[in-house]
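Listing of final34.pdb; format and content: PDB, C-alpha atoms and all ligand atoms.
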```pdb
ATOM      1  CA  MET A 256      -2.253  -3.289 -34.754
ATOM      2  CA  THR A 257      -0.567  -4.172 -31.470
ATOM      3  CA  HIS A 258      -1.777  -2.093 -28.586
ATOM      4  CA  LEU A 259       0.405  -1.171 -25.627
ATOM      5  CA  LEU A 260      -1.946  -3.170 -23.384
ATOM      6  CA  GLU A 261      -4.680  -5.616 -24.337
ATOM      7  CA  VAL A 262      -6.908  -7.209 -21.749
ATOM      8  CA  GLU A 263      -9.103  -9.939 -23.178
ATOM      9  CA  ASN A 264     -11.901 -11.741 -21.350
ATOM     10  CA  LEU A 265     -10.182 -11.257 -18.008
ATOM     11  CA  GLU A 266     -11.695 -13.157 -15.143
ATOM     12  CA  VAL A 267     -10.541 -12.807 -11.527
ATOM     13  CA  LYS A 268     -11.822 -14.961  -8.691
ATOM     14  CA  PHE A 269     -11.342 -15.147  -4.969
ATOM     15  CA  ALA A 270     -10.910 -18.686  -3.655
ATOM     16  CA  LEU A 271     -12.855 -18.868  -0.422
ATOM     17  CA  ARG A 272     -13.662 -21.796   1.841
ATOM     18  CA  PHE A 273     -17.243 -22.021   0.624
ATOM     19  CA  GLY A 274     -16.286 -21.725  -3.072
ATOM     20  CA  ASP A 275     -14.878 -19.254  -5.590
ATOM     21  CA  LEU A 276     -16.328 -15.772  -5.927
ATOM     22  CA  THR A 277     -16.078 -13.924  -9.237
ATOM     23  CA  ALA A 278     -14.657 -10.429  -8.764
ATOM     24  CA  ILE A 279     -13.943  -9.614 -12.424
ATOM     25  CA  ASP A 280     -16.259 -11.178 -14.942
ATOM     26  CA  ASP A 281     -15.061 -11.329 -18.538
ATOM     27  CA  ILE A 282     -13.776  -7.817 -19.163
ATOM     28  CA  SER A 283     -11.851  -6.661 -22.229
ATOM     29  CA  PHE A 284     -10.199  -3.362 -23.073
ATOM     30  CA  TYR A 285      -7.053  -1.960 -24.647
ATOM     31  CA  LEU A 286      -4.752   1.026 -24.298
ATOM     32  CA  ASP A 287      -2.298   2.642 -26.678
ATOM     33  CA  LYS A 288       0.818   4.704 -26.052
ATOM     34  CA  LYS A 289       0.062   8.278 -24.985
ATOM     35  CA  GLU A 290      -3.526   7.281 -24.369
ATOM     36  CA  LYS A 291      -5.477   7.777 -21.143
ATOM     37  CA  LEU A 292      -8.221   5.332 -20.199
ATOM     38  CA  GLY A 293     -10.498   5.936 -17.219
ATOM     39  CA  ILE A 294     -11.890   2.961 -15.313
ATOM     40  CA  VAL A 295     -14.846   4.352 -13.382
ATOM     41  CA  GLY A 296     -17.354   3.042 -10.880
ATOM     42  CA  GLU A 297     -18.294   3.007  -7.231
ATOM     43  CA  SER A 298     -16.305   1.248  -4.575
ATOM     44  CA  GLY A 299     -16.580  -2.534  -5.033
ATOM     45  CA  ALA A 300     -17.074  -2.360  -8.815
ATOM     46  CA  GLY A 301     -13.784  -4.201  -9.447
ATOM     47  CA  LYS A 302     -11.678  -1.252 -10.652
ATOM     48  CA  SER A 303      -8.711  -1.716  -8.340
ATOM     49  CA  VAL A 304      -8.807  -5.509  -8.689
ATOM     50  CA  THR A 305      -8.454  -4.955 -12.440
ATOM     51  CA  GLY A 306      -5.363  -2.771 -11.845
ATOM     52  CA  PHE A 307      -3.783  -5.330  -9.524
ATOM     53  CA  ALA A 308      -4.562  -8.156 -11.970
ATOM     54  CA  ILE A 309      -2.694  -6.308 -14.744
ATOM     55  CA  ILE A 310       0.468  -6.127 -12.659
ATOM     56  CA  ASN A 311      -0.227  -9.573 -11.181
ATOM     57  CA  LEU A 312      -0.203  -8.270  -7.654
ATOM     58  CA  LEU A 313      -3.541  -9.679  -6.606
ATOM     59  CA  SER A 314      -3.410 -10.472  -2.959
ATOM     60  CA  LYS A 315      -4.509 -13.974  -1.972
ATOM     61  CA  PRO A 316      -7.073 -15.474  -2.202
ATOM     62  CA  GLY A 317      -7.466 -13.542  -5.501
ATOM     63  CA  TYR A 318      -6.280 -15.202  -8.704
ATOM     64  CA  ILE A 319      -6.612 -14.775 -12.454
ATOM     65  CA  ALA A 320      -9.092 -17.459 -13.484
ATOM     66  CA  GLY A 321      -9.184 -16.760 -17.195
ATOM     67  CA  GLY A 322      -8.443 -14.430 -20.082
ATOM     68  CA  ARG A 323      -5.276 -12.841 -21.464
ATOM     69  CA  ILE A 324      -3.248  -9.763 -20.620
ATOM     70  CA  ARG A 325      -0.861  -8.693 -23.369
ATOM     71  CA  PHE A 326       1.612  -5.882 -22.725
ATOM     72  CA  GLU A 327       3.988  -4.617 -25.410
ATOM     73  CA  GLY A 328       3.108  -7.697 -27.447
ATOM     74  CA  ARG A 329       3.842 -10.268 -24.693
ATOM     75  CA  GLU A 330       1.291 -12.285 -22.818
ATOM     76  CA  ILE A 331       2.265 -11.263 -19.310
ATOM     77  CA  ASN A 332      -0.138 -13.353 -17.275
ATOM     78  CA  ARG A 333       1.751 -16.459 -18.373
ATOM     79  CA  LEU A 334       5.294 -15.209 -17.625
ATOM     80  CA  SER A 335       7.485 -16.553 -14.834
ATOM     81  CA  ALA A 336       7.439 -14.645 -11.571
ATOM     82  CA  GLU A 337      10.924 -13.227 -12.271
ATOM     83  CA  ALA A 338      10.097 -12.075 -15.821
ATOM     84  CA  LEU A 339       6.943 -10.491 -14.554
ATOM     85  CA  ARG A 340       8.780  -8.758 -11.719
ATOM     86  CA  GLN A 341      11.061  -7.151 -14.330
ATOM     87  CA  ILE A 342       8.108  -5.827 -16.310
ATOM     88  CA  ARG A 343       6.269  -4.687 -13.237
ATOM     89  CA  GLY A 344       9.236  -2.825 -11.849
ATOM     90  CA  ASN A 345      10.446  -1.347 -15.109
ATOM     91  CA  ARG A 346       7.684  -0.965 -17.658
ATOM     92  CA  ILE A 347       4.526  -0.761 -15.549
ATOM     93  CA  SER A 348       4.208   1.415 -12.450
ATOM     94  CA  MET A 349       1.264   1.797 -10.131
ATOM     95  CA  ILE A 350       0.383   4.930  -8.150
ATOM     96  CA  PHE A 351      -1.992   4.765  -5.197
ATOM     97  CA  GLN A 352      -4.306   7.191  -3.441
ATOM     98  CA  ASP A 353      -2.057   7.345  -0.405
ATOM     99  CA  PRO A 354       1.520   8.272  -1.355
ATOM    100  CA  MET A 355       2.669   6.740   1.933
ATOM    101  CA  MET A 356       1.856   3.299   0.467
ATOM    102  CA  THR A 357       4.869   3.880  -1.779
ATOM    103  CA  LEU A 358       7.083   6.110   0.359
ATOM    104  CA  ASN A 359       9.082   4.883   3.323
ATOM    105  CA  PRO A 360       8.569   7.377   6.179
ATOM    106  CA  VAL A 361      11.970   6.729   7.760
ATOM    107  CA  LEU A 362      14.115   7.265   4.656
ATOM    108  CA  THR A 363      14.861  10.527   2.858
ATOM    109  CA  ILE A 364      13.420  10.993  -0.613
ATOM    110  CA  GLY A 365      16.951  10.873  -2.030
ATOM    111  CA  THR A 366      17.741   7.518  -0.395
ATOM    112  CA  GLN A 367      14.494   6.021  -1.661
ATOM    113  CA  MET A 368      15.010   7.286  -5.184
ATOM    114  CA  VAL A 369      18.646   6.184  -5.365
ATOM    115  CA  GLU A 370      17.710   2.733  -4.036
ATOM    116  CA  THR A 371      14.949   2.442  -6.642
ATOM    117  CA  VAL A 372      17.326   3.348  -9.465
ATOM    118  CA  GLN A 373      20.028   0.990  -8.242
ATOM    119  CA  ALA A 374      17.534  -1.878  -7.887
ATOM    120  CA  HIS A 375      16.900  -1.605 -11.629
ATOM    121  CA  ARG A 376      20.156  -0.336 -13.114
ATOM    122  CA  ARG A 377      23.816  -0.907 -12.425
ATOM    123  CA  ILE A 378      24.887   2.675 -11.871
ATOM    124  CA  GLY A 379      26.744   4.506  -9.124
ATOM    125  CA  LYS A 380      25.154   6.552  -6.390
ATOM    126  CA  ALA A 381      26.103   9.940  -7.863
ATOM    127  CA  GLU A 382      24.613   9.045 -11.244
ATOM    128  CA  ALA A 383      21.478   7.644  -9.599
ATOM    129  CA  ARG A 384      21.104  10.881  -7.635
ATOM    130  CA  GLU A 385      21.415  12.888 -10.867
ATOM    131  CA  LEU A 386      18.672  10.783 -12.420
ATOM    132  CA  ALA A 387      16.500  11.346  -9.347
ATOM    133  CA  LEU A 388      16.994  15.099  -9.691
ATOM    134  CA  GLU A 389      16.060  14.947 -13.366
ATOM    135  CA  LYS A 390      12.783  13.150 -12.557
ATOM    136  CA  LEU A 391      11.983  15.558  -9.714
ATOM    137  CA  ARG A 392      12.344  18.425 -12.188
ATOM    138  CA  LYS A 393      10.029  16.608 -14.611
ATOM    139  CA  VAL A 394       7.279  16.603 -11.999
ATOM    140  CA  TYR A 395       7.918  20.272 -11.149
ATOM    141  CA  ILE A 396       9.183  19.813  -7.614
ATOM    142  CA  PRO A 397      10.613  23.167  -6.533
ATOM    143  CA  SER A 398      14.172  23.103  -5.099
ATOM    144  CA  PRO A 399      14.674  19.417  -5.970
ATOM    145  CA  GLU A 400      18.185  19.281  -4.448
ATOM    146  CA  LYS A 401      16.740  20.287  -1.095
ATOM    147  CA  ARG A 402      13.840  17.804  -1.393
ATOM    148  CA  LEU A 403      16.212  14.879  -1.857
ATOM    149  CA  ASP A 404      17.404  15.338   1.720
ATOM    150  CA  GLN A 405      13.921  15.619   3.213
ATOM    151  CA  TYR A 406      11.604  12.975   4.651
ATOM    152  CA  PRO A 407       8.065  12.380   3.321
ATOM    153  CA  HIS A 408       6.440  13.891   6.422
ATOM    154  CA  GLU A 409       8.119  17.228   5.676
ATOM    155  CA  MET A 410       6.008  17.619   2.523
ATOM    156  CA  SER A 411       2.387  18.324   1.677
ATOM    157  CA  GLY A 412       0.107  15.579   0.275
ATOM    158  CA  GLY A 413       0.307  17.044  -3.246
ATOM    159  CA  MET A 414       4.102  17.239  -3.089
ATOM    160  CA  ARG A 415       4.313  13.635  -1.869
ATOM    161  CA  GLN A 416       2.147  12.482  -4.776
ATOM    162  CA  ARG A 417       4.495  14.289  -7.187
ATOM    163  CA  ILE A 418       7.447  12.514  -5.545
ATOM    164  CA  VAL A 419       5.668   9.167  -6.050
ATOM    165  CA  ILE A 420       5.181  10.017  -9.729
ATOM    166  CA  ALA A 421       8.881  10.962  -9.993
ATOM    167  CA  ILE A 422       9.808   7.581  -8.445
ATOM    168  CA  ALA A 423       7.527   5.843 -10.954
ATOM    169  CA  LEU A 424       9.340   7.663 -13.775
ATOM    170  CA  LEU A 425      12.767   6.433 -12.634
ATOM    171  CA  THR A 426      12.374   3.207 -14.598
ATOM    172  CA  ASP A 427      10.960   4.854 -17.750
ATOM    173  CA  PRO A 428       7.615   3.030 -17.604
ATOM    174  CA  ALA A 429       5.437   2.595 -20.684
ATOM    175  CA  LEU A 430       2.288   2.310 -18.567
ATOM    176  CA  ILE A 431       1.180   3.972 -15.357
ATOM    177  CA  ILE A 432      -1.828   2.653 -13.471
ATOM    178  CA  ALA A 433      -3.050   5.389 -11.133
ATOM    179  CA  ASP A 434      -5.588   4.196  -8.548
ATOM    180  CA  GLU A 435      -7.528   7.182  -7.141
ATOM    181  CA  PRO A 436      -4.302   9.244  -7.252
ATOM    182  CA  THR A 437      -5.941  12.509  -6.216
ATOM    183  CA  THR A 438      -8.870  11.452  -4.045
ATOM    184  CA  ALA A 439      -7.149  12.529  -0.825
ATOM    185  CA  LEU A 440      -6.145  15.932  -2.238
ATOM    186  CA  ASP A 441      -8.042  19.190  -2.463
ATOM    187  CA  VAL A 442      -9.459  20.269  -5.798
ATOM    188  CA  THR A 443      -6.715  22.663  -6.941
ATOM    189  CA  ILE A 444      -3.923  20.241  -6.045
ATOM    190  CA  GLN A 445      -5.938  17.474  -7.747
ATOM    191  CA  ALA A 446      -6.103  19.482 -10.970
ATOM    192  CA  GLY A 447      -2.327  20.044 -10.892
ATOM    193  CA  ILE A 448      -1.592  16.317 -10.498
ATOM    194  CA  MET A 449      -3.981  15.430 -13.336
ATOM    195  CA  GLU A 450      -2.382  18.057 -15.553
ATOM    196  CA  LEU A 451       1.024  16.600 -14.742
ATOM    197  CA  LEU A 452      -0.034  13.014 -15.551
ATOM    198  CA  THR A 453      -1.564  14.200 -18.827
ATOM    199  CA  GLU A 454       1.628  16.036 -19.778
ATOM    200  CA  LEU A 455       3.811  13.045 -18.885
ATOM    201  CA  CYS A 456       1.746  10.710 -21.075
ATOM    202  CA  GLU A 457       2.590  12.935 -23.998
ATOM    203  CA  THR A 458       6.234  13.743 -23.241
ATOM    204  CA  GLU A 459       7.212  10.263 -22.020
ATOM    205  CA  ALA A 460       4.982   8.425 -24.560
ATOM    206  CA  MET A 461       3.280   6.501 -21.750
ATOM    207  CA  GLY A 462      -0.195   5.063 -21.439
ATOM    208  CA  LEU A 463      -2.247   5.910 -18.356
ATOM    209  CA  ILE A 464      -5.030   3.922 -16.727
ATOM    210  CA  LEU A 465      -6.843   6.183 -14.321
ATOM    211  CA  ILE A 466      -8.919   4.241 -11.800
ATOM    212  CA  THR A 467     -11.426   6.404  -9.967
ATOM    213  CA  HIS A 468     -14.971   6.738  -8.652
ATOM    214  CA  ASP A 469     -14.980  10.312  -9.959
ATOM    215  CA  LEU A 470     -16.494  10.600 -13.419
ATOM    216  CA  ALA A 471     -15.837  14.357 -13.416
ATOM    217  CA  VAL A 472     -12.077  13.756 -13.131
ATOM    218  CA  VAL A 473     -11.933  11.159 -15.911
ATOM    219  CA  SER A 474     -14.104  13.312 -18.149
ATOM    220  CA  GLN A 475     -11.471  16.040 -17.996
ATOM    221  CA  VAL A 476      -8.430  13.835 -18.445
ATOM    222  CA  THR A 477      -9.092  10.678 -20.457
ATOM    223  CA  GLU A 478      -9.833   9.907 -24.091
ATOM    224  CA  ARG A 479     -11.763   6.725 -23.340
ATOM    225  CA  ILE A 480     -13.752   5.383 -20.410
ATOM    226  CA  ALA A 481     -14.796   1.950 -19.169
ATOM    227  CA  VAL A 482     -17.585   2.107 -16.587
ATOM    228  CA  MET A 483     -17.576  -0.895 -14.244
ATOM    229  CA  TYR A 484     -20.376  -2.345 -12.174
ATOM    230  CA  ALA A 485     -20.232  -5.537 -10.076
ATOM    231  CA  GLY A 486     -17.093  -6.796 -11.834
ATOM    232  CA  ARG A 487     -18.192  -6.115 -15.403
ATOM    233  CA  ILE A 488     -17.727  -3.295 -17.912
ATOM    234  CA  ILE A 489     -21.239  -2.014 -18.487
ATOM    235  CA  GLU A 490     -20.478   0.954 -20.732
ATOM    236  CA  THR A 491     -17.375   1.897 -22.672
ATOM    237  CA  GLY A 492     -16.283   4.172 -25.456
ATOM    238  CA  TYR A 493     -14.870   7.609 -26.112
ATOM    239  CA  THR A 494     -15.125   9.931 -23.136
ATOM    240  CA  THR A 495     -16.833  12.624 -25.197
ATOM    241  CA  ASP A 496     -19.578  10.217 -26.295
ATOM    242  CA  ILE A 497     -20.140   8.805 -22.840
ATOM    243  CA  VAL A 498     -20.338  12.078 -20.938
ATOM    244  CA  THR A 499     -22.499  13.774 -23.545
ATOM    245  CA  HIS A 500     -24.712  10.783 -24.410
ATOM    246  CA  PRO A 501     -24.535   8.181 -21.648
ATOM    247  CA  ARG A 502     -26.666   5.155 -22.474
ATOM    248  CA  HIS A 503     -26.446   2.832 -19.494
ATOM    249  CA  PRO A 504     -28.757   3.817 -16.610
ATOM    250  CA  TYR A 505     -25.851   3.406 -14.147
ATOM    251  CA  THR A 506     -23.676   5.869 -16.089
ATOM    252  CA  ILE A 507     -26.654   8.204 -16.367
ATOM    253  CA  GLY A 508     -26.991   7.961 -12.572
ATOM    254  CA  LEU A 509     -23.291   8.681 -12.045
ATOM    255  CA  ILE A 510     -23.546  11.751 -14.269
ATOM    256  CA  ASN A 511     -26.719  12.997 -12.613
ATOM    257  CA  SER A 512     -25.041  12.821  -9.240
ATOM    258  CA  LEU A 513     -22.241  15.176 -10.321
ATOM    259  CA  PRO A 514     -22.530  18.796  -9.124
ATOM    260  CA  GLY A 515     -21.898  20.032 -12.690
ATOM    261  CA  THR A 516     -25.209  18.566 -13.902
ATOM    262  CA  ARG A 517     -27.421  20.053 -11.196
ATOM    263  CA  GLN A 518     -29.931  22.635 -12.218
ATOM    264  CA  ALA A 519     -29.923  25.793 -10.074
ATOM    265  CA  GLY A 520     -31.647  25.187  -6.743
ATOM    266  CA  SER A 521     -32.219  21.465  -7.316
ATOM    267  CA  ARG A 522     -30.722  18.659  -5.241
ATOM    268  CA  LEU A 523     -28.143  16.223  -6.544
ATOM    269  CA  GLU A 524     -29.705  12.957  -7.608
ATOM    270  CA  GLN A 525     -28.036   9.969  -6.000
ATOM    271  CA  ILE A 526     -28.326   6.456  -7.376
ATOM    272  CA  PRO A 527     -30.504   4.618  -4.853
ATOM    273  CA  GLY A 528     -29.084   1.572  -3.064
ATOM    274  CA  MET A 529     -25.559   0.223  -2.995
ATOM    275  CA  MET A 530     -23.137  -1.730  -5.164
ATOM    276  CA  PRO A 531     -23.891  -5.416  -4.451
ATOM    277  CA  ASN A 532     -21.507  -7.500  -2.430
ATOM    278  CA  LEU A 533     -19.621 -10.186  -4.403
ATOM    279  CA  THR A 534     -21.517 -12.849  -2.489
ATOM    280  CA  ALA A 535     -24.878 -11.449  -3.557
ATOM    281  CA  ILE A 536     -24.663 -10.270  -7.154
ATOM    282  CA  PRO A 537     -28.245 -10.195  -8.468
ATOM    283  CA  GLU A 538     -29.325 -12.511 -11.277
ATOM    284  CA  GLY A 539     -29.823 -11.009 -14.732
ATOM    285  CA  CYS A 540     -28.592  -7.421 -14.894
ATOM    286  CA  ALA A 541     -26.684  -6.843 -11.642
ATOM    287  CA  PHE A 542     -27.878  -3.233 -11.609
ATOM    288  CA  HIS A 543     -31.591  -4.064 -11.720
ATOM    289  CA  PRO A 544     -32.399  -3.486  -8.008
ATOM    290  CA  ARG A 545     -31.193   0.121  -8.393
ATOM    291  CA  CYS A 546     -32.334   0.851 -11.918
ATOM    292  CA  PHE A 547     -35.132   3.302 -12.757
ATOM    293  CA  LEU A 548     -35.828   1.371 -15.970
ATOM    294  CA  ALA A 549     -35.708  -2.205 -14.661
ATOM    295  CA  ALA A 550     -38.188  -4.549 -16.335
ATOM    296  CA  ASP A 551     -38.883  -8.277 -16.083
ATOM    297  CA  GLN A 552     -36.274  -9.344 -18.606
ATOM    298  CA  CYS A 553     -33.619  -7.395 -16.614
ATOM    299  CA  ARG A 554     -34.176  -9.688 -13.630
ATOM    300  CA  ARG A 555     -33.836 -12.816 -15.758
ATOM    301  CA  HIS A 556     -31.222 -12.195 -18.458
ATOM    302  CA  ARG A 557     -27.819 -10.610 -18.211
ATOM    303  CA  PRO A 558     -27.346  -7.966 -20.936
ATOM    304  CA  GLU A 559     -24.183  -8.085 -23.078
ATOM    305  CA  LEU A 560     -22.253  -5.067 -24.340
ATOM    306  CA  THR A 561     -23.920  -3.827 -27.527
ATOM    307  CA  ALA A 562     -22.667  -1.172 -29.945
ATOM    308  CA  VAL A 563     -24.803   1.938 -29.613
ATOM    309  CA  SER A 564     -23.070   4.234 -32.055
ATOM    310  CA  GLY A 565     -20.898   3.442 -35.030
ATOM    311  CA  GLY A 566     -18.659   0.912 -33.255
ATOM    312  CA  ARG A 567     -17.179   3.439 -30.819
ATOM    313  CA  HIS A 568     -19.619   3.279 -27.911
ATOM    314  CA  TRP A 569     -21.010   0.159 -26.192
ATOM    315  CA  ALA A 570     -23.456  -0.371 -23.355
ATOM    316  CA  ALA A 571     -24.846  -3.493 -21.658
ATOM    317  CA  CYS A 572     -28.539  -2.816 -21.147
ATOM    318  CA  HIS A 573     -31.784  -4.410 -22.378
ATOM    319  CA  ARG A 574     -33.544  -1.070 -22.632
ATOM    320  CA  LEU A 575     -31.189   1.088 -24.667
ATOM    321  CA  ASP A 576     -34.161   2.382 -26.651
ATOM    322  CA  GLN A 577     -35.281   4.102 -23.428
ATOM    323  CA  THR A 578     -32.000   5.763 -22.522
ATOM    324  CA  LEU A 579     -31.544   8.200 -25.372
ATOM    325  CA  GLY A 580     -31.479  11.855 -24.417
ATOM    326  CA  HIS A 581     -30.977  11.454 -20.680
ATOM    327  CA  ASN A 582     -28.997  13.933 -18.663
ATOM    328  CA  HIS A 583     -25.427  14.521 -19.721
ATOM    329  CA  LEU A 584     -22.367  16.422 -18.719
ATOM    330  CA  HIS A 585     -21.224  19.411 -20.745
ATOM    331  CA  ARG A 586     -17.490  19.179 -21.462
TER     332      ARG A 586
HETATM  333 FE1  LIG B 601     -31.624  -1.197 -16.027
HETATM  334 FE2  LIG B 601     -32.520  -3.355 -17.254
HETATM  335 FE3  LIG B 601     -30.711  -1.854 -18.431
HETATM  336 FE4  LIG B 601     -30.066  -3.308 -16.295
HETATM  337  S1  LIG B 601     -30.706  -4.059 -18.299
HETATM  338  S2  LIG B 601     -29.493  -1.239 -16.666
HETATM  339  S3  LIG B 601     -31.927  -3.154 -15.101
HETATM  340  S4  LIG B 601     -32.795  -1.271 -17.919
END
```
Translate the structure described by the file into structure tokens.
Amino acid sequence: MTHLLEVENLEVKFALRFGDLTAIDDISFYLDKKEKLGIVGESGAGKSVTGFAIINLLSKPGYIAGGRIRFEGREINRLSAEALRQIRGNRISMIFQDPMMTLNPVLTIGTQMVETVQAHRRIGKAEARELALEKLRKVYIPSPEKRLDQYPHEMSGGMRQRIVIAIALLTDPALIIADEPTTALDVTIQAGIMELLTELCETEAMGLILITHDLAVVSQVTERIAVMYAGRIIETGYTTDIVTHPRHPYTIGLINSLPGTRQAGSRLEQIPGMMPNLTAIPEGCAFHPRCFLAADQCRRHRPELTAVSGGRHWAACHRLDQTLGHNHLHR
């Protein structure tokens, strides 16, 4: 079966004066139409680099050093720059945490939307404006006609993020990569944006990759999760399995640090230490300096992803026999 997106053994490096640093180390995953995949981890885990690698927008000195990225059946990391630009603009859209990365502060929403449409389709201004209105309605922008004549600064953060999603929809994308799309928003607005993205996946038959540090958000929205640590996927599978029976100590730590898992009166448990810098990734299991189960073999040998339940849940840990029954999140 051909998936909407297949990433196989992807490797991303940064070419620096003193040598190449590995930012993404042999990761593989797939996504189908209408499916939502969460890529989760702390800052520096390689989540955003993965998103930029998919759309081939890695900023220098980053480059794809190995692996394959197939989208709608085509290997897109080997396409010409022009062919890739077409796919990136039309079939894959990316949404960022800060809507102002996408919006131009000195142009009205209408001008920006019409320009986007006309950059991709040969249609007149009036028709492009109609299409813009249609997409604004899809993202539930009240009084869309009025909004077209406003500037980004005249809107709230949540409204601006909806406008960005409407702009992304202008080219009928098959895949949206949303990088921390709600991190800057308050909780109720966040929930509304997530609900909207979920609905659009269904109605527009799109796939969604949700990149976030927030396991609580992905647990509510996605069907599958890939947890990243130091450039690798260290646990992956169906969201339900991972949040109810996490098996990698890092995922267990992420779940234990969520407010929803705290017992009354107790403090949140934080994972000790920090995500390692790319220049200092520990030997063996990269998580070992922070791991409550670390043993000698963890310092020497890197664990590979291993199936932990019926081929639908994998974790990369030497001590999986010790991680059964740890804390979990109730969905
Ligand atoms: Fe912890 Fe060892 Fe498992 Fe790494 S391999 S997560 S250090 S127990």
Practice item. Could you tell me which of A:Met256, A:Ile364, A:Asp434, A:Leu276 comes closest to A:Leu465 if we count only C-alpha atoms? Key: A:Asp434
Exercise for review: For the structure shown, which residues end up in the PyMOL selection byres (((not hetatm)) within 10 of (chain B and resi 601))? Put them as a PyMOL selection string, please?
Suggested key: chain A and resi 489+502-507+539-559+570-578
Show me a table, sorted first by chain and then by increasing residue number, of the residues of stretch 383-453 of chain A having an atom at most 12 Å from stretch 356-361 of chain A, each with its shortest atom pair and the distance in Å to one decimal, counting all atoms listed in the file and written as a Markdown table.
```
| residue | atom | partner | partner_atom | distance |
| --- | --- | --- | --- | --- |
| A:Asp404 | CA | A:Val361 | CA | 11.8 |
| A:Gln405 | CA | A:Val361 | CA | 10.2 |
| A:Tyr406 | CA | A:Pro360 | CA | 6.5 |
| A:Pro407 | CA | A:Pro360 | CA | 5.8 |
| A:His408 | CA | A:Pro360 | CA | 6.9 |
| A:Glu409 | CA | A:Pro360 | CA | 9.9 |
| A:Met410 | CA | A:Pro360 | CA | 11.2 |
| A:Gly412 | CA | A:Leu358 | CA | 11.8 |
| A:Arg415 | CA | A:Leu358 | CA | 8.3 |
| A:Gln416 | CA | A:Thr357 | CA | 9.5 |
| A:Arg417 | CA | A:Leu358 | CA | 11.4 |
| A:Ile418 | CA | A:Leu358 | CA | 8.7 |
| A:Val419 | CA | A:Thr357 | CA | 6.8 |
| A:Ile420 | CA | A:Thr357 | CA | 10.0 |
| A:Ala421 | CA | A:Thr357 | CA | 11.6 |
| A:Ile422 | CA | A:Thr357 | CA | 9.1 |
| A:Ala423 | CA | A:Thr357 | CA | 9.8 |
| A:Asp434 | CA | A:Met356 | CA | 11.7 |
| A:Pro436 | CA | A:Met356 | CA | 11.5 |
```
Review point. With only C-alpha atoms as the atoms that count, which of A:Ala433, A:Leu440, A:Val267, A:Leu260 lies nearest to A:Phe351?
Key: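 Of all the options, A:Ala433 lies closest to A:Phe351.
If you look at atom CA of A:Ile488 and atom CA of A:Leu560, they are 8.1 Å away from each other.
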Exercise for review: Find the residues around A:Glu263 up to 6 Å (all atoms listed in the file counted), leave out those fewer than 6 positions away in its own chain, and share them as a list in words.
Suggested key: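 The residues that qualify are Ser283, Gly322 and Arg323 of chain A.
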Next, the residues of the selection above should be written as a CSV table (one decimal), in the frame of the given file with C-alpha atoms.
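Dumped everything to out-v7.csv:
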```csv
chain,number,residue,atom,x,y,z
A,283,SER,CA,-11.9,-6.7,-22.2
A,322,GLY,CA,-8.4,-14.4,-20.1
A,323,ARG,CA,-5.3,-12.8,-21.5
```
Study note, to complete from the structure: Restricting to all atoms listed in the file, whichever of A:Glu261, A:Asp353, A:Glu290, A:Asp280 is closest to A:Arg325 is A:Glu261
Practice item. Give me the residues within 9 Å of stretch 292-295 of chain A as a PyMOL selection string, counting all atoms listed in the file and dropping any in the same chain fewer than 2 places off. Key: chain A and resi 285-286+290+297+300+302-303+462-470+472-474+476-484+488+494
Near stretch 339-347 of chain A, 7 Å: stretch 376-454 of chain A residue rows, closest pairs, all atoms listed in the file, as a Markdown table:
```
| residue | atom | partner | partner_atom | distance |
| --- | --- | --- | --- | --- |
| A:Thr426 | CA | A:Asn345 | CA | 5.0 |
| A:Asp427 | CA | A:Arg346 | CA | 6.7 |
| A:Pro428 | CA | A:Arg346 | CA | 4.0 |
| A:Ala429 | CA | A:Arg346 | CA | 5.2 |
| A:Leu430 | CA | A:Ile347 | CA | 4.9 |
| A:Ile431 | CA | A:Ile347 | CA | 5.8 |
```
Revision key, fill the gap. Among A:Asn264, A:Ser512, A:Thr437, A:Ser411, A:Ile396 is approached most closely, using only C-alpha atoms, by A:Ser411
Point to revise | Selection result of the PyMOL selection byres (((chain A and resi 564) around 12) and not hetatm) on this file, as a VMD selection string | key: chain A and resid 491 to 493 496 to 497 500 to 502 561 to 563 565 to 570 575 579
File dump, residues just selected, C-alpha atoms, as a PDB file, keeping the file's coordinate frame:
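part.pdb was written with the following content:
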```
ATOM      1  CA  THR A 491     -17.375   1.897 -22.672  1.00  0.00           C
ATOM      2  CA  GLY A 492     -16.283   4.172 -25.456  1.00  0.00           C
ATOM      3  CA  TYR A 493     -14.870   7.609 -26.112  1.00  0.00           C
ATOM      4  CA  ASP A 496     -19.578  10.217 -26.295  1.00  0.00           C
ATOM      5  CA  ILE A 497     -20.140   8.805 -22.840  1.00  0.00           C
ATOM      6  CA  HIS A 500     -24.712  10.783 -24.410  1.00  0.00           C
ATOM      7  CA  PRO A 501     -24.535   8.181 -21.648  1.00  0.00           C
ATOM      8  CA  ARG A 502     -26.666   5.155 -22.474  1.00  0.00           C
ATOM      9  CA  THR A 561     -23.920  -3.827 -27.527  1.00  0.00           C
ATOM     10  CA  ALA A 562     -22.667  -1.172 -29.945  1.00  0.00           C
ATOM     11  CA  VAL A 563     -24.803   1.938 -29.613  1.00  0.00           C
ATOM     12  CA  GLY A 565     -20.898   3.442 -35.030  1.00  0.00           C
ATOM     13  CA  GLY A 566     -18.659   0.912 -33.255  1.00  0.00           C
ATOM     14  CA  ARG A 567     -17.179   3.439 -30.819  1.00  0.00           C
ATOM     15  CA  HIS A 568     -19.619   3.279 -27.911  1.00  0.00           C
ATOM     16  CA  TRP A 569     -21.010   0.159 -26.192  1.00  0.00           C
ATOM     17  CA  ALA A 570     -23.456  -0.371 -23.355  1.00  0.00           C
ATOM     18  CA  LEU A 575     -31.189   1.088 -24.667  1.00  0.00           C
ATOM     19  CA  LEU A 579     -31.544   8.200 -25.372  1.00  0.00           C
TER      20      LEU A 579
END
```
